[in-house]
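*Asks:* Mind having a look at this structure? Questions to follow.
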Amino acid sequence: VRTWIGRKGRGNSFVPMTMTNLIEVAGNALKTGAPDVEHLYELSKRRQWNASDLPWDSLDFSVVPLELRQGFADLLAQTHHGELGALTASARLVQSDARLMDKLFGATQVADEARHVEWFSRLLFQLGTPAPVMPALAAFIDDVTQAGDDLHLLVGMNILIEGLAQTLMLHAGKLLGAIEVPELESFKVVGTWLTERVAADESRHLAFGIGRVRALVETLDARRRHQLEDRVLRWALQLMELTREHSAGVATFGLDGDALMARCMADTQSRLKLTGIALQLA
Ligand SMILES: [Fe+2]
Ligand SMILES: [Fe+2]
């Protein structure tokens, strides 16, 4: 069964798998596949949720002070853009995954990311406060989603970006979900959905990414390992810098920006270590 390794320079071009390959993949996949991925795939199927089930019309942010609403919209706009990138990346990986079980899990990730794009779109609409996507963030997401090497794409998206999203969503969700002010009930509803649904999906994507990357990293020769590490170090530092630019904004929500940054760095480093990529970020 072919893997991503050694299939460089394709950019975003679609490479159709031949029928022979597909039969080979289908024949090998379920018996040689990773039990971890099978488990994750089962979880994914069982834990699909519908963004339409949130009572959107009952959300009311009109009583929320403008500064808080603006800060929230700003964070959501960046996340929304990241979700669009995740949708693009996961759809691309489904095309190139060599193993059937990876394709099946990947397809559930595509559905998850589509739901996240819908969820954040509806939330931004409901908030009614325009917020631009930072050009540097947009450029970063483009750089990752257009990576010529699928392994780089997988590390950039499933480990770095999704990992950071998970850390931030869990923090923000916990904070918003604990709000006991009646006028801020809408924040509480959003926080609970963020933790129990969106971040829970991201945890599966992260788990899949870690397992897949670890298996692939083990097969790399020294040259390709260096290439990967160089790219990942550059991306990780860029991502931390982008997060730092926003860490002041989280103070609006009563969060300690420096502590959150330290947490993001530590989480990112330990996730990379789990994949077999040992990098010193700080
Ligand atoms: Fe997502
Ligand atoms: Fe995701």
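Residues in the structure tokens are numbered from 1 in each chain, the chains being A, B, ... in the order shown, and ligands are numbered from 1 in the order shown.
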Show me, as a ChimeraX atom specification, the residues that have an atom within 6 Å of stretch 105-120 of chain A when counting only C-alpha atoms, minus same-chain residues fewer than 3 positions from it.

*Replies:* /A:41,51,80,83,87,90-91,94,102,123

*Asks:* With C-alpha atoms retained, could you export that selection as a short mmCIF file (atom, residue, chain, number, x, y, z; two decimals), in the first residue's frame?

*Replies:*
```cif
data_model
loop_
_atom_site.label_atom_id
_atom_site.label_comp_id
_atom_site.auth_asym_id
_atom_site.auth_seq_id
_atom_site.Cartn_x
_atom_site.Cartn_y
_atom_site.Cartn_z
CA TYR A 41 -13.94 6.14 13.61
CA ALA A 51 -25.56 22.61 14.59
CA HIS A 80 -13.84 30.53 11.73
CA GLU A 83 -12.08 25.93 10.50
CA LEU A 87 -12.17 21.70 6.00
CA SER A 90 -9.10 17.30 5.74
CA ALA A 91 -10.81 16.96 2.34
CA VAL A 94 -9.05 12.00 2.41
CA ASP A 102 -7.79 6.57 7.41
CA LEU A 123 -22.53 32.40 15.78
#
```

*Asks:* Please identify all polymer residues within 7 Å of stretch 63-70 of chain A, counting only C-alpha atoms, omitting same-chain residues fewer than 4 positions from it, and present them as a list in words.

*Replies:*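 That gives Asp74, Thr129, Glu183, Leu184 and Thr252 of chain A.
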
*Asks:* I need the chosen residues saved as a PDB file, in the first residue's frame, with N, CA, C and O atoms.

*Replies:*
```
ATOM      1  N   ASP A  74     -13.897  39.020  17.365  1.00  0.00           N
ATOM      2  CA  ASP A  74     -12.549  39.001  16.814  1.00  0.00           C
ATOM      3  C   ASP A  74     -11.938  37.601  16.934  1.00  0.00           C
ATOM      4  O   ASP A  74     -11.394  37.053  15.966  1.00  0.00           O
ATOM      5  N   THR A 129     -21.452  41.535  14.987  1.00  0.00           N
ATOM      6  CA  THR A 129     -20.368  42.502  15.128  1.00  0.00           C
ATOM      7  C   THR A 129     -19.271  42.145  14.124  1.00  0.00           C
ATOM      8  O   THR A 129     -18.626  41.119  14.280  1.00  0.00           O
ATOM      9  N   GLU A 183     -27.814  38.014  32.337  1.00  0.00           N
ATOM     10  CA  GLU A 183     -27.770  38.752  31.054  1.00  0.00           C
ATOM     11  C   GLU A 183     -26.774  38.099  30.080  1.00  0.00           C
ATOM     12  O   GLU A 183     -26.822  38.356  28.886  1.00  0.00           O
ATOM     13  N   LEU A 184     -25.849  37.314  30.619  1.00  0.00           N
ATOM     14  CA  LEU A 184     -24.826  36.706  29.759  1.00  0.00           C
ATOM     15  C   LEU A 184     -25.108  35.221  29.499  1.00  0.00           C
ATOM     16  O   LEU A 184     -24.218  34.454  29.143  1.00  0.00           O
ATOM     17  N   THR A 252      -9.849  40.755  28.140  1.00  0.00           N
ATOM     18  CA  THR A 252     -11.227  41.267  28.176  1.00  0.00           C
ATOM     19  C   THR A 252     -12.138  40.273  28.888  1.00  0.00           C
ATOM     20  O   THR A 252     -13.121  40.647  29.511  1.00  0.00           O
TER      21      THR A 252
END
```

*Asks:* Quick one, how far is atom CA of A:Ala73 from atom CA of A:Trp49?

*Replies:*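 Computing it gives 23.5 Å between the two atoms.
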
*Asks:* Name all residues at most 10 Å from A:Glu202 (count only C-alpha atoms; drop same-chain ones fewer than 5 positions away) and give them as JSON, numbers by chain.

*Replies:* {"A": [109, 112, 113, 116, 158, 162, 163, 164, 165, 166, 167, 169, 197, 207, 208]}

*Asks:* Can those selected residues be exported to a file as a tab-separated table (two decimals), in the first residue's frame so that it contains C-alpha atoms?

*Replies:*
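Once everything was written out, this is part_16.tsv:
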```tsv
chain	number	residue	atom	x	y	z
A	109	GLN	CA	-13.41	14.76	10.02
A	112	ASP	CA	-17.01	17.62	11.50
A	113	GLU	CA	-15.15	20.57	9.99
A	116	HIS	CA	-17.73	23.69	12.70
A	158	ASN	CA	-4.04	18.17	12.74
A	162	GLU	CA	-6.15	21.77	15.74
A	163	GLY	CA	-4.11	21.32	18.89
A	164	LEU	CA	-4.03	25.04	19.53
A	165	ALA	CA	-7.75	25.29	18.73
A	166	GLN	CA	-8.46	22.54	21.24
A	167	THR	CA	-6.46	24.24	24.01
A	169	MET	CA	-11.65	26.19	22.93
A	197	ARG	CA	-19.29	19.40	21.02
A	207	ALA	CA	-5.71	11.89	18.40
A	208	PHE	CA	-5.88	10.69	14.81
```

*Asks:* Got a sec to tell me which of stretch 144-202 of chain A DSSP assigns to alpha helix (DSSP H), as JSON, numbers by chain?

*Replies:* {"A": [144, 145, 150, 151, 152, 153, 154, 162, 163, 164, 165, 166, 167, 168, 169, 170, 171, 172, 173, 174, 175, 176, 177, 185, 186, 187, 188, 189, 190, 191, 192, 193, 199, 200, 201, 202]}

*Asks:* Nearest to A:Leu137: which of A:His246, A:Arg214, A:Lys273, A:Arg223 is it, counting only C-alpha atoms?

*Replies:*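 Closest candidate: A:His246.
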
*Asks:* With only C-alpha atoms and all ligand atoms as the basis for distance, which of A:Leu59, A:Asp36, A:Thr145, A:Ile161 is at the shortest distance from ligand 2?

*Replies:*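 For ligand 2, the nearest of the candidates is A:Ile161.
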
*Asks:* Neighbours of A:Gly156 within 10 Å (only C-alpha atoms; same-chain residues fewer than 3 positions away dropped), as a list of chain:residue names?

*Replies:*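 Counting only the stated atoms, we get A:Ala89, A:Ile141, A:Asp143, A:Val144, A:Thr145, A:Ala147, A:Asp150, A:Leu151, A:His152, A:Leu153, A:Ile159, A:Leu160, A:Ile161, A:Glu162, A:Gly163, A:Gly209, A:Arg231, A:Val232, A:Trp235, A:Ala236, A:Leu239.
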
*Asks:* May I ask which of the residues A:Pro55, A:Asp142, A:Glu42, A:Ser203 is the closest one to ligand 1, counting only C-alpha atoms and all ligand atoms?

*Replies:* A:Ser203

*Asks:* Separation of atom CA of A:Asp258 and atom CA of A:Glu245, in Å?

*Replies:*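 Value for the atom CA of A:Asp258-atom CA of A:Glu245 distance: 11.1 Å.
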
*Asks:* Looking at A:Arg212, A:Arg224, A:Arg46, A:Arg271, which one is nearest to A:Ala98, with distances taken over only C-alpha atoms?

*Replies:* A:Arg212

*Asks:* One number please: atom CA of A:Arg92 to atom CA of A:Leu54, in Å, one decimal.

*Replies:*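 So the two atoms, atom CA of A:Arg92 and atom CA of A:Leu54, lie 29.3 Å apart.
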
*Asks:* When you count only C-alpha atoms, which of these residues is closest to A:Val190: A:Leu76, A:Leu93, A:Leu216, A:Met134?

*Replies:*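 Result for the nearest residue to A:Val190: A:Leu76.
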